[in-house]
>>> print(open('run18.cif').read())   # mmCIF, C-alpha atoms
data_run
#
loop_
_atom_site.label_atom_id
_atom_site.label_comp_id
_atom_site.auth_asym_id
_atom_site.auth_seq_id
_atom_site.Cartn_x
_atom_site.Cartn_y
_atom_site.Cartn_z
CA MET A 252 0.00 0.00 0.00
CA SER A 253 1.15 3.54 -0.62
CA HIS A 254 2.41 5.61 2.28
CA ASP A 255 -0.64 7.86 2.43
CA HIS A 256 -2.87 4.95 3.40
CA ASP A 257 -1.84 5.23 6.99
CA HIS A 258 -5.16 3.86 8.23
CA ASP A 259 -4.90 0.66 6.30
CA HIS A 260 -4.83 -2.44 8.40
CA ASP A 261 -3.28 -5.84 8.14
CA HIS A 262 -5.13 -8.12 5.73
CA SER A 263 -3.04 -11.24 6.27
CA HIS A 264 -5.90 -12.79 8.25
CA VAL A 265 -8.65 -12.09 5.76
CA PRO A 266 -10.33 -15.27 4.54
CA PRO A 267 -10.84 -15.35 0.79
CA ASP A 268 -14.57 -15.94 1.17
CA PRO A 269 -16.38 -12.87 2.52
CA ALA A 270 -19.07 -15.08 4.08
CA LEU A 271 -16.38 -16.74 6.21
CA ARG A 272 -14.86 -13.39 7.06
CA VAL A 273 -18.23 -12.11 8.28
CA GLN A 274 -18.84 -15.29 10.24
CA ALA A 275 -15.43 -15.06 11.91
CA LEU A 276 -15.95 -11.42 12.75
CA GLU A 277 -19.41 -12.00 14.22
CA SER A 278 -18.04 -14.78 16.39
CA LEU A 279 -15.21 -12.57 17.64
CA LEU A 280 -17.45 -9.57 18.34
CA THR A 281 -20.08 -11.54 20.23
CA ARG A 282 -17.56 -13.51 22.30
CA LYS A 283 -15.65 -10.35 23.13
CA GLY A 284 -18.85 -8.68 24.28
CA LEU A 285 -18.72 -5.95 21.66
CA VAL A 286 -22.05 -6.98 20.17
CA ASP A 287 -25.20 -8.44 21.70
CA PRO A 288 -26.44 -11.18 19.33
CA GLY A 289 -30.00 -10.09 20.08
CA ALA A 290 -29.20 -6.60 18.81
CA LEU A 291 -28.01 -8.05 15.50
CA GLU A 292 -31.18 -10.08 15.14
CA ALA A 293 -33.31 -7.03 15.98
CA ILE A 294 -31.68 -5.04 13.18
CA ILE A 295 -31.99 -7.83 10.63
CA GLU A 296 -35.59 -8.46 11.63
CA THR A 297 -36.47 -4.77 11.42
CA TYR A 298 -35.31 -4.50 7.82
CA SER A 299 -36.71 -7.90 6.86
CA ASN A 300 -40.18 -7.35 8.29
CA ASP A 301 -40.97 -3.80 9.36
CA VAL A 302 -39.05 -1.32 7.26
CA GLY A 303 -39.27 -1.61 3.49
CA PRO A 304 -40.91 -0.20 0.35
CA ARG A 305 -44.42 -0.75 1.74
CA ASN A 306 -43.75 2.26 3.95
CA GLY A 307 -42.98 4.49 0.99
CA ALA A 308 -45.92 3.05 -0.94
CA ARG A 309 -48.29 4.16 1.81
CA VAL A 310 -46.79 7.66 1.72
CA VAL A 311 -47.23 7.88 -2.06
CA ALA A 312 -50.77 6.48 -1.98
CA ARG A 313 -51.74 9.05 0.65
CA SER A 314 -50.28 11.81 -1.52
CA TRP A 315 -52.40 10.57 -4.45
CA VAL A 316 -55.69 10.74 -2.58
CA ASP A 317 -55.10 13.73 -0.30
CA PRO A 318 -53.96 16.99 -1.98
CA GLY A 319 -53.26 18.60 1.40
CA TYR A 320 -50.99 15.74 2.35
CA ARG A 321 -49.28 15.91 -1.03
CA GLN A 322 -48.50 19.58 -0.54
CA TRP A 323 -47.17 18.89 2.96
CA LEU A 324 -45.01 16.09 1.54
CA LEU A 325 -43.56 18.45 -1.07
CA ASP A 326 -43.00 21.23 1.47
CA ASP A 327 -41.70 19.20 4.43
CA ALA A 328 -41.30 15.54 3.56
CA THR A 329 -39.56 14.65 6.83
CA ALA A 330 -42.58 15.76 8.88
CA ALA A 331 -45.19 14.44 6.47
CA ILE A 332 -43.55 11.01 6.37
CA ALA A 333 -43.04 10.92 10.14
CA HIS A 334 -46.78 11.65 10.45
CA LEU A 335 -47.40 8.19 8.97
CA GLY A 336 -44.95 6.68 11.47
CA TYR A 337 -41.83 6.38 9.36
CA GLN A 338 -38.69 7.98 10.72
CA GLY A 339 -35.18 7.14 11.82
CA ARG A 340 -31.93 5.96 10.36
CA GLN A 341 -31.30 7.10 6.77
CA GLY A 342 -34.54 9.05 6.68
CA GLU A 343 -33.65 11.89 9.02
CA HIS A 344 -33.91 14.58 6.34
CA MET A 345 -36.34 13.72 3.56
CA VAL A 346 -37.25 15.51 0.34
CA ALA A 347 -40.05 14.31 -1.94
CA VAL A 348 -39.98 15.09 -5.67
CA GLU A 349 -42.90 14.52 -8.04
CA ASN A 350 -42.97 13.08 -11.51
CA THR A 351 -45.21 14.83 -14.03
CA ASP A 352 -45.88 14.59 -17.76
CA ARG A 353 -42.86 16.86 -18.29
CA VAL A 354 -40.44 15.87 -15.53
CA HIS A 355 -39.04 12.51 -14.47
CA ASN A 356 -36.95 12.23 -11.30
CA LEU A 357 -34.29 9.59 -10.72
CA VAL A 358 -32.16 9.08 -7.61
CA VAL A 359 -28.61 7.76 -7.31
CA CYS A 360 -25.68 8.08 -4.95
CA THR A 361 -22.48 8.16 -6.98
CA LEU A 362 -20.18 8.14 -3.95
CA CYS A 363 -21.65 5.26 -1.95
CA SER A 364 -25.25 4.11 -1.82
CA CYS A 365 -27.25 6.70 0.13
CA TYR A 366 -30.89 5.62 0.09
CA PRO A 367 -34.00 6.46 2.14
CA TRP A 368 -34.08 3.44 4.43
CA THR A 369 -37.12 4.55 6.43
CA VAL A 370 -39.41 4.48 3.41
CA LEU A 371 -37.69 1.98 1.10
CA GLY A 372 -35.64 -0.32 3.35
CA ILE A 373 -32.19 -1.56 2.41
CA PRO A 374 -31.22 -0.74 -1.20
CA PRO A 375 -31.33 -3.44 -3.86
CA THR A 376 -28.14 -4.77 -5.45
CA TRP A 377 -28.57 -2.74 -8.62
CA TYR A 378 -28.73 0.53 -6.68
CA LYS A 379 -25.42 -0.32 -5.01
CA SER A 380 -23.75 -1.52 -8.21
CA GLU A 381 -20.81 0.29 -9.79
CA ALA A 382 -22.67 0.37 -13.12
CA TYR A 383 -25.71 2.19 -11.73
CA ARG A 384 -23.64 4.63 -9.68
CA ALA A 385 -21.34 5.42 -12.60
CA ARG A 386 -23.94 5.64 -15.34
CA ALA A 387 -27.22 6.96 -13.91
CA VAL A 388 -25.75 10.43 -13.54
CA ARG A 389 -24.20 10.55 -17.03
CA GLU A 390 -26.66 8.60 -19.17
CA PRO A 391 -29.90 8.28 -17.20
CA ARG A 392 -31.97 7.58 -20.31
CA ALA A 393 -29.85 4.59 -21.29
CA VAL A 394 -30.00 3.29 -17.74
CA LEU A 395 -33.78 3.71 -17.59
CA ARG A 396 -34.15 1.76 -20.81
CA GLU A 397 -32.44 -1.16 -19.08
CA PHE A 398 -35.24 -0.99 -16.54
CA GLY A 399 -37.77 -0.99 -19.35
CA LEU A 400 -38.57 2.72 -19.20
CA ASP A 401 -38.13 4.59 -22.49
CA LEU A 402 -38.55 8.32 -21.90
CA ASP A 403 -39.22 10.78 -24.68
CA ASP A 404 -36.68 13.61 -25.00
CA SER A 405 -39.48 16.07 -24.27
CA VAL A 406 -39.52 14.78 -20.68
CA ASP A 407 -36.80 16.45 -18.61
CA ILE A 408 -34.85 14.20 -16.30
CA ARG A 409 -33.96 15.51 -12.88
CA LEU A 410 -31.22 13.33 -11.53
CA TRP A 411 -30.69 13.56 -7.77
CA ASP A 412 -27.18 12.51 -6.70
CA SER A 413 -27.82 12.15 -2.98
CA THR A 414 -24.33 12.40 -1.56
CA ALA A 415 -25.20 14.36 1.62
CA GLU A 416 -27.71 13.35 4.32
CA ILE A 417 -30.81 14.50 2.41
CA ARG A 418 -32.74 11.44 1.23
CA TYR A 419 -35.07 11.53 -1.76
CA LEU A 420 -38.44 9.90 -2.37
CA VAL A 421 -39.84 10.05 -5.90
CA ILE A 422 -43.63 10.42 -6.08
CA PRO A 423 -44.58 8.55 -9.25
CA GLN A 424 -47.56 9.61 -11.33
CA ARG A 425 -50.86 8.11 -10.34
CA PRO A 426 -51.90 5.58 -12.99
CA ALA A 427 -54.95 6.26 -15.13
CA GLY A 428 -58.10 4.33 -14.39
CA THR A 429 -57.69 4.39 -10.62
CA ASP A 430 -60.01 7.27 -9.75
CA ASP A 431 -62.25 5.18 -7.55
CA TRP A 432 -59.49 3.11 -5.95
CA SER A 433 -58.95 3.07 -2.21
CA GLU A 434 -55.72 4.32 -0.69
CA GLU A 435 -54.85 0.75 0.34
CA ALA A 436 -55.38 -0.59 -3.18
CA LEU A 437 -53.37 2.27 -4.66
CA ALA A 438 -50.45 1.48 -2.36
CA ASP A 439 -50.19 -1.93 -4.02
CA LEU A 440 -49.40 -0.17 -7.31
CA VAL A 441 -46.42 1.71 -5.89
CA THR A 442 -43.22 -0.24 -6.45
CA ARG A 443 -39.84 0.39 -4.91
CA ASP A 444 -38.36 1.11 -8.34
CA ALA A 445 -41.05 3.73 -8.99
CA MET A 446 -40.06 5.52 -5.78
CA VAL A 447 -36.41 5.65 -6.90
CA GLY A 448 -37.49 6.77 -10.37
CA ALA A 449 -36.29 3.58 -12.06
CA GLY A 450 -39.83 2.66 -13.02
CA ARG A 451 -43.43 3.83 -13.03
CA ALA A 452 -46.22 2.83 -10.73
CA LEU A 453 -48.04 -0.30 -11.82
CA THR A 454 -51.29 0.17 -13.72
CA PRO A 455 -54.55 -1.67 -13.14
CA ASP A 456 -53.54 -3.85 -16.11
CA THR A 457 -49.99 -4.64 -14.98
CA ALA A 458 -50.73 -5.01 -11.27
CA GLY A 459 -52.47 -8.35 -11.67
CA GLY A 460 -55.00 -9.62 -9.19
CA ASP A 461 -57.99 -7.53 -8.27
CA ALA A 462 -58.08 -4.15 -6.71
CA MET B 129 -10.07 12.09 -1.82
CA ASN B 130 -10.03 11.13 -5.46
CA GLY B 131 -10.74 7.48 -4.76
CA ALA B 132 -12.31 4.63 -6.68
CA HIS B 133 -15.57 5.30 -4.83
CA ASP B 134 -16.13 8.49 -6.83
CA LEU B 135 -17.78 6.63 -9.69
CA GLY B 136 -20.02 9.25 -11.30
CA GLY B 137 -19.50 9.25 -15.06
CA MET B 138 -17.03 6.35 -15.28
CA HIS B 139 -17.18 4.06 -18.29
CA GLY B 140 -16.65 0.35 -18.53
CA PHE B 141 -18.99 -1.19 -15.96
CA GLY B 142 -21.48 -2.52 -18.48
CA ALA B 143 -25.20 -2.98 -17.92
CA VAL B 144 -26.82 -2.40 -14.54
CA PRO B 145 -26.94 -5.85 -12.92
CA ASP B 146 -30.07 -7.61 -11.70
CA VAL B 147 -32.46 -4.78 -12.55
CA HIS B 148 -35.41 -6.97 -11.60
CA ASP B 149 -33.81 -7.89 -8.31
CA THR B 150 -34.39 -11.60 -8.74
CA HIS B 151 -31.13 -12.92 -7.28
CA ALA B 152 -31.31 -14.22 -3.73
CA HIS B 153 -29.13 -12.36 -1.24
CA PRO B 154 -26.85 -14.40 0.96
CA ASP B 155 -27.51 -14.09 4.67
CA TRP B 156 -24.07 -12.62 5.34
CA TYR B 157 -25.08 -9.36 3.62
CA ASN B 158 -27.61 -8.82 6.39
CA ARG B 159 -25.14 -9.80 9.06
CA ALA B 160 -22.47 -7.44 7.71
CA MET B 161 -25.01 -4.60 7.62
CA ALA B 162 -26.30 -5.35 11.11
CA MET B 163 -22.82 -5.58 12.64
CA THR B 164 -21.87 -2.26 11.08
CA VAL B 165 -25.02 -0.58 12.36
CA VAL B 166 -24.84 -1.98 15.87
CA MET B 167 -21.11 -1.33 16.37
CA ALA B 168 -21.81 2.38 15.86
CA ALA B 169 -23.50 2.24 19.28
CA TRP B 170 -20.03 2.34 20.86
CA GLY B 171 -19.91 5.98 19.75
CA ARG B 172 -16.27 5.75 18.68
CA TRP B 173 -16.86 6.98 15.15
CA ASN B 174 -19.52 8.70 13.07
CA ILE B 175 -21.19 8.02 9.74
CA ASP B 176 -18.71 10.21 7.87
CA ALA B 177 -15.76 8.36 9.39
CA SER B 178 -17.50 5.13 8.40
CA ARG B 179 -17.82 6.27 4.79
CA ARG B 180 -14.24 7.53 4.82
CA ALA B 181 -13.06 4.09 5.98
CA ARG B 182 -14.96 2.40 3.11
CA GLU B 183 -13.52 4.79 0.53
CA ASP B 184 -9.95 5.29 1.68
CA MET B 185 -8.55 2.07 0.31
CA HIS B 186 -6.45 1.16 -2.70
CA PRO B 187 -8.61 1.60 -5.82
CA ALA B 188 -7.96 -1.97 -6.95
CA ARG B 189 -9.16 -3.30 -3.63
CA TYR B 190 -12.21 -1.02 -3.63
CA LEU B 191 -13.32 -2.21 -7.05
CA GLY B 192 -12.36 -5.83 -6.37
CA TYR B 193 -14.45 -6.01 -3.24
CA GLY B 194 -18.18 -6.58 -3.19
CA TYR B 195 -20.33 -3.95 -1.53
CA TYR B 196 -20.60 -5.51 1.91
CA GLU B 197 -16.96 -6.62 1.86
CA ARG B 198 -16.13 -2.91 1.86
CA TRP B 199 -18.38 -2.47 4.88
CA ILE B 200 -16.72 -5.28 6.78
CA ASP B 201 -13.25 -4.13 5.84
CA ALA B 202 -14.09 -0.60 7.00
CA LEU B 203 -15.64 -1.88 10.22
CA GLU B 204 -12.49 -3.82 11.05
CA ARG B 205 -10.35 -0.76 10.40
CA LEU B 206 -12.55 1.51 12.50
CA MET B 207 -12.54 -0.95 15.39
CA VAL B 208 -8.76 -1.28 15.26
CA GLU B 209 -8.32 2.51 15.08
CA ALA B 210 -10.66 2.93 18.05
CA GLY B 211 -8.87 0.24 20.05
CA LEU B 212 -11.96 -1.96 20.30
CA VAL B 213 -10.18 -4.94 18.73
CA THR B 214 -6.57 -5.66 17.87
CA GLU B 215 -5.06 -6.97 14.67
CA ALA B 216 -4.07 -10.08 16.61
CA GLU B 217 -7.68 -10.72 17.60
CA LEU B 218 -8.81 -10.33 14.00
CA ARG B 219 -6.03 -12.67 12.85
CA THR B 220 -6.68 -15.41 15.37
CA GLY B 221 -10.40 -14.91 15.90
CA GLU B 222 -9.76 -15.27 19.62
CA PRO B 223 -10.85 -12.48 21.98
CA ALA B 224 -8.24 -11.29 24.49
CA GLY B 225 -9.00 -9.95 27.95
CA GLU B 226 -12.22 -9.88 29.92
CA PRO B 227 -15.49 -9.85 27.97
CA LEU B 228 -17.06 -6.41 27.60
CA THR B 229 -20.69 -5.39 27.97
CA PRO B 230 -22.33 -4.44 24.64
CA PRO B 231 -23.77 -0.92 24.70
CA VAL B 232 -27.15 -1.94 23.21
CA ASP B 233 -29.39 -4.99 23.39
CA ALA B 234 -32.25 -5.79 21.01
CA ALA B 235 -34.46 -3.01 22.37
CA GLY B 236 -31.57 -0.55 22.31
CA ALA B 237 -30.82 -1.44 18.69
CA ARG B 238 -34.44 -0.78 17.70
CA THR B 239 -34.30 2.58 19.47
CA MET B 240 -31.09 3.44 17.59
CA LEU B 241 -32.77 2.76 14.26
CA ARG B 242 -35.84 4.79 15.18
CA ARG B 243 -33.78 7.78 16.33
CA GLY B 244 -31.32 7.75 13.46
CA GLY B 245 -28.63 10.40 13.35
CA PRO B 246 -29.96 13.77 12.23
CA THR B 247 -27.18 16.00 10.84
CA GLU B 248 -28.99 19.34 10.91
CA ARG B 249 -27.41 21.77 13.38
CA ASP B 250 -27.99 25.30 14.58
CA ILE B 251 -25.72 27.67 12.75
CA ASP B 252 -25.08 31.30 13.63
CA THR B 253 -23.92 32.57 10.24
CA GLN B 254 -26.30 33.80 7.57
CA PRO B 255 -26.39 31.77 4.36
CA ARG B 256 -24.27 33.40 1.66
CA PHE B 257 -26.57 32.23 -1.11
CA ARG B 258 -30.27 32.42 -1.86
CA VAL B 259 -32.48 30.24 -3.99
CA GLY B 260 -31.88 31.16 -7.62
CA ASP B 261 -28.31 32.39 -7.11
CA GLN B 262 -25.71 31.26 -9.61
CA VAL B 263 -22.70 29.57 -8.04
CA VAL B 264 -19.51 27.81 -9.10
CA THR B 265 -18.20 24.76 -7.28
CA THR B 266 -14.62 24.72 -6.05
CA ASN B 267 -12.04 22.90 -8.08
CA GLU B 268 -10.09 21.47 -5.17
CA HIS B 269 -8.93 17.87 -4.80
CA PRO B 270 -8.62 17.30 -1.08
CA ARG B 271 -6.66 14.30 0.12
CA GLY B 272 -9.24 13.73 2.83
CA HIS B 273 -12.95 12.95 2.79
CA THR B 274 -15.30 15.14 0.76
CA ARG B 275 -18.78 14.91 -0.74
CA LEU B 276 -18.22 17.01 -3.84
CA PRO B 277 -17.83 14.44 -6.63
CA ARG B 278 -15.10 14.98 -9.19
CA TYR B 279 -17.55 15.35 -12.06
CA ALA B 280 -19.05 18.45 -10.46
CA ARG B 281 -15.91 20.36 -9.55
CA GLY B 282 -15.39 23.79 -11.09
CA ARG B 283 -18.92 23.76 -12.54
CA GLU B 284 -21.66 26.38 -12.66
CA GLY B 285 -24.98 25.69 -11.04
CA ILE B 286 -28.01 27.33 -9.46
CA ILE B 287 -29.13 27.18 -5.84
CA LEU B 288 -32.40 25.25 -5.78
CA ARG B 289 -32.95 24.85 -2.06
CA HIS B 290 -31.35 25.76 1.28
CA HIS B 291 -31.37 23.06 3.98
CA GLY B 292 -29.97 25.01 6.93
CA GLY B 293 -26.81 24.04 8.77
CA HIS B 294 -25.55 20.46 8.49
CA VAL B 295 -22.53 18.61 9.84
CA LEU B 296 -19.60 19.03 7.43
CA PRO B 297 -18.38 15.55 6.43
CA ASP B 298 -14.96 16.83 5.35
CA THR B 299 -13.93 17.47 8.96
CA ASN B 300 -16.29 15.12 10.79
CA ALA B 301 -14.92 12.12 8.90
CA HIS B 302 -11.49 12.83 10.36
CA PHE B 303 -12.74 13.59 13.90
CA GLN B 304 -11.91 17.27 13.38
CA GLY B 305 -15.30 18.54 14.50
CA GLU B 306 -18.79 18.81 13.05
CA ASN B 307 -18.27 22.39 11.77
CA PRO B 308 -21.91 22.86 10.70
CA ASP B 309 -22.12 24.61 7.34
CA HIS B 310 -25.01 25.75 5.18
CA LEU B 311 -26.19 22.95 2.91
CA TYR B 312 -27.81 23.66 -0.45
CA THR B 313 -29.25 21.68 -3.30
CA VAL B 314 -27.45 22.91 -6.42
CA GLN B 315 -28.83 22.25 -9.88
CA PHE B 316 -26.48 21.71 -12.83
CA ARG B 317 -27.34 21.46 -16.51
CA ALA B 318 -26.50 17.92 -17.61
CA ARG B 319 -24.84 19.35 -20.74
CA ASP B 320 -22.50 21.45 -18.59
CA LEU B 321 -21.36 18.27 -16.87
CA TRP B 322 -21.42 15.70 -19.66
CA GLY B 323 -21.28 17.61 -22.93
CA SER B 324 -23.29 17.16 -26.08
CA GLU B 325 -24.36 13.57 -25.36
CA ALA B 326 -26.55 14.81 -22.53
CA THR B 327 -30.14 15.70 -23.36
CA ASP B 328 -30.92 19.41 -23.35
CA GLY B 329 -33.19 20.18 -20.43
CA ASP B 330 -31.90 17.38 -18.21
CA THR B 331 -30.38 18.49 -14.93
CA VAL B 332 -28.35 16.98 -12.10
CA MET B 333 -28.88 17.96 -8.47
CA LEU B 334 -26.27 17.70 -5.74
CA ASP B 335 -26.50 18.62 -2.06
CA LEU B 336 -23.43 20.74 -1.44
CA TRP B 337 -22.03 22.59 1.55
CA GLU B 338 -21.32 26.30 1.33
CA THR B 339 -17.59 25.70 1.65
CA TYR B 340 -17.73 23.91 -1.72
CA LEU B 341 -19.28 26.95 -3.44
CA HIS B 342 -18.25 30.36 -4.78
CA ALA B 343 -20.47 33.17 -6.01
CA GLN B 344 -20.72 33.30 -9.78
#
>>> encode(input="run18.cif", output="structure tokens")
Amino acid sequence: MSHDHDHDHDHSHVPPDPALRVQALESLLTRKGLVDPGALEAIIETYSNDVGPRNGARVVARSWVDPGYRQWLLDDATAAIAHLGYQGRQGEHMVAVENTDRVHNLVVCTLCSCYPWTVLGIPPTWYKSEAYRARAVREPRAVLREFGLDLDDSVDIRLWDSTAEIRYLVIPQRPAGTDDWSEEALADLVTRDAMVGAGRALTPDTAGGDA
Amino acid sequence: MNGAHDLGGMHGFGAVPDVHDTHAHPDWYNRAMAMTVVMAAWGRWNIDASRRAREDMHPARYLGYGYYERWIDALERLMVEAGLVTEAELRTGEPAGEPLTPPVDAAGARTMLRRGGPTERDIDTQPRFRVGDQVVTTNEHPRGHTRLPRYARGREGIILRHHGGHVLPDTNAHFQGENPDHLYTVQFRARDLWGSEATDGDTVMLDLWETYLHAQ
């Protein structure tokens, strides 16, 4: 290593398989009393069961049926989202941005993988990939086509590179033909990808099942 | 630092993988994430130091590692720096000395997640810029941690939003203080960043601290 990497540590112990490395580290940390195994399970359980894209979907569905809530969400997303019970780690400072016929929003973090955990959970692999981080900011239209979204040049893309602690939630457009749908049924149309801007909300046709 | 983590605009990575998110995730991803989150309860580092530790590695190692390998590597480094574990313990896997008492249990971990770590701070200076102001980003290449990506250095943009005072990662990452600074969303024309291949009308937004900005 070069001399300016003075924080680098010894890697002679590192097992070639990261799964083994993680297992060895967990064993060391729990036996040393640095980590309570129950605390680890609580965190894994929280993001497996309680915190995920259903949270964001409920926020979006509310914004579709309640214009007052939508305005609040656009003005002060942190408070409006907390009002529905979603707050905490990686959602401390939220901003909501809305897609329209003329504007499409897409979120990336080019420097790491900043993502609104409170409303979307842990980011998917593609969001964390080098390809997405490198390309979304430079060629968002090509990237969106890989997700199956072909935007006309008349639609402006607003690309949010969320490298500070502000976290972004995209409000997708409400699909046509859902005027009489309940908030709960609408929430089922709101996908994680739509709330990152990598897709649209499902339509009554694509959602499958009944509403 | 101009590290391999600063990926915006790079070529050569190919298509975005697993866009339909159909691959199963191994359990160790969750365990690496959970260990990283829960070890922060010791209060020996902050989120900026955590990011710095994931980024400040040889570029070949950064790109050769998978995402959560970087997390685990950074966690080991932070723990060694903080004196919570030794290199010998990591090498042998055997704890030395008397067992410690973890700072949080299951309930404490849930509380940590619910509270999060807000970075907004009171600040006693007036913001230098207003919404609509034209600004230019600095063209500096600090050796330490920063959140101004290379692709946006020395570029003209417009202030879109002011977020108040926020902890400055550049110093916080190196335990040199929070130094709250005004944070703004700055809007750049995609063509100013990426040239003629970008679509006219497309824009890129970055959240940037005042110290990264000059008046136009």
>>> closest_atom_pairs(input="run18.cif", of="chain B", to="chain A", cutoff="6 Å", atoms="all atoms listed in the file", output="Markdown table")
| residue | atom | partner | partner_atom | distance |
| --- | --- | --- | --- | --- |
| B:His133 | CA | A:Leu362 | CA | 5.5 |
| B:Asp134 | CA | A:Leu362 | CA | 5.0 |
| B:Leu135 | CA | A:Ala385 | CA | 4.8 |
| B:Gly136 | CA | A:Ala385 | CA | 4.3 |
| B:Gly137 | CA | A:Ala385 | CA | 4.9 |
| B:Met138 | CA | A:Ala385 | CA | 5.2 |
| B:Phe141 | CA | A:Ala382 | CA | 4.9 |
| B:Val144 | CA | A:Ala382 | CA | 5.2 |
| B:Pro145 | CA | A:Trp377 | CA | 5.6 |
| B:Asp146 | CA | A:Trp377 | CA | 6.0 |
| B:Val147 | CA | A:Trp377 | CA | 5.9 |
| B:Trp156 | CA | A:Ala270 | CA | 5.7 |
| B:Ala162 | CA | A:Leu291 | CA | 5.4 |
| B:Arg219 | CA | A:His264 | CA | 4.6 |
| B:Gly221 | CA | A:Leu279 | CA | 5.6 |
| B:Pro223 | CA | A:Lys283 | CA | 5.4 |
| B:Pro227 | CA | A:Lys283 | CA | 4.9 |
| B:Leu228 | CA | A:Gly284 | CA | 4.4 |
| B:Thr229 | CA | A:Gly284 | CA | 5.3 |
| B:Pro230 | CA | A:Leu285 | CA | 4.9 |
| B:Asp233 | CA | A:Ala290 | CA | 4.9 |
| B:Ala234 | CA | A:Ala290 | CA | 3.8 |
| B:Ala237 | CA | A:Ala290 | CA | 5.4 |
| B:Leu241 | CA | A:Arg340 | CA | 5.1 |
| B:Arg242 | CA | A:Gly339 | CA | 4.2 |
| B:Arg243 | CA | A:Gly339 | CA | 4.8 |
| B:Gly244 | CA | A:Arg340 | CA | 3.6 |
| B:Pro246 | CA | A:Glu343 | CA | 5.2 |
| B:Gly329 | CA | A:Asp407 | CA | 5.5 |
| B:Asp330 | CA | A:Ile408 | CA | 4.7 |
| B:Thr331 | CA | A:Arg409 | CA | 5.1 |
| B:Val332 | CA | A:Leu410 | CA | 4.7 |
| B:Met333 | CA | A:Trp411 | CA | 4.8 |
| B:Leu334 | CA | A:Asp412 | CA | 5.4 |
| B:Asp335 | CA | A:Ala415 | CA | 5.8 |
>>> closest_residue(input="run18.cif", among="B:Glu209, B:Asp261, B:Glu268, B:Asp184", to="Thr339 of chain B", atoms="only C-alpha atoms")
B:Glu268
>>> resolve_selection(input="run18.cif", expression="the PyMOL selection byres ((chain A and resi 319-331) around 10)", output="ChimeraX atom specification")
/A:310-318,332-338,342-349,417-420,422
>>> closest_residue(input="run18.cif", among="B:Tyr193, B:Ala326, B:Leu212, B:Arg275", to="Ala224 of chain B", atoms="only C-alpha atoms")
B:Leu212
>>> residues_near_point(input="run18.cif", point="(-21.5, 26.3, 10.7)", cutoff="7 Å", atoms="all atoms listed in the file", output="ChimeraX atom specification")
/B:251-253,293,307-310
>>> write_last_selection(input="run18.cif", atoms="C-alpha atoms", output="short mmCIF file (atom, residue, chain, number, x, y, z; two decimals), in the coordinates of the input")
data_model
loop_
_atom_site.label_atom_id
_atom_site.label_comp_id
_atom_site.auth_asym_id
_atom_site.auth_seq_id
_atom_site.Cartn_x
_atom_site.Cartn_y
_atom_site.Cartn_z
CA ILE B 251 -25.72 27.67 12.75
CA ASP B 252 -25.08 31.30 13.63
CA THR B 253 -23.92 32.57 10.24
CA GLY B 293 -26.81 24.04 8.77
CA ASN B 307 -18.27 22.39 11.77
CA PRO B 308 -21.91 22.86 10.70
CA ASP B 309 -22.12 24.61 7.34
CA HIS B 310 -25.01 25.75 5.18
#
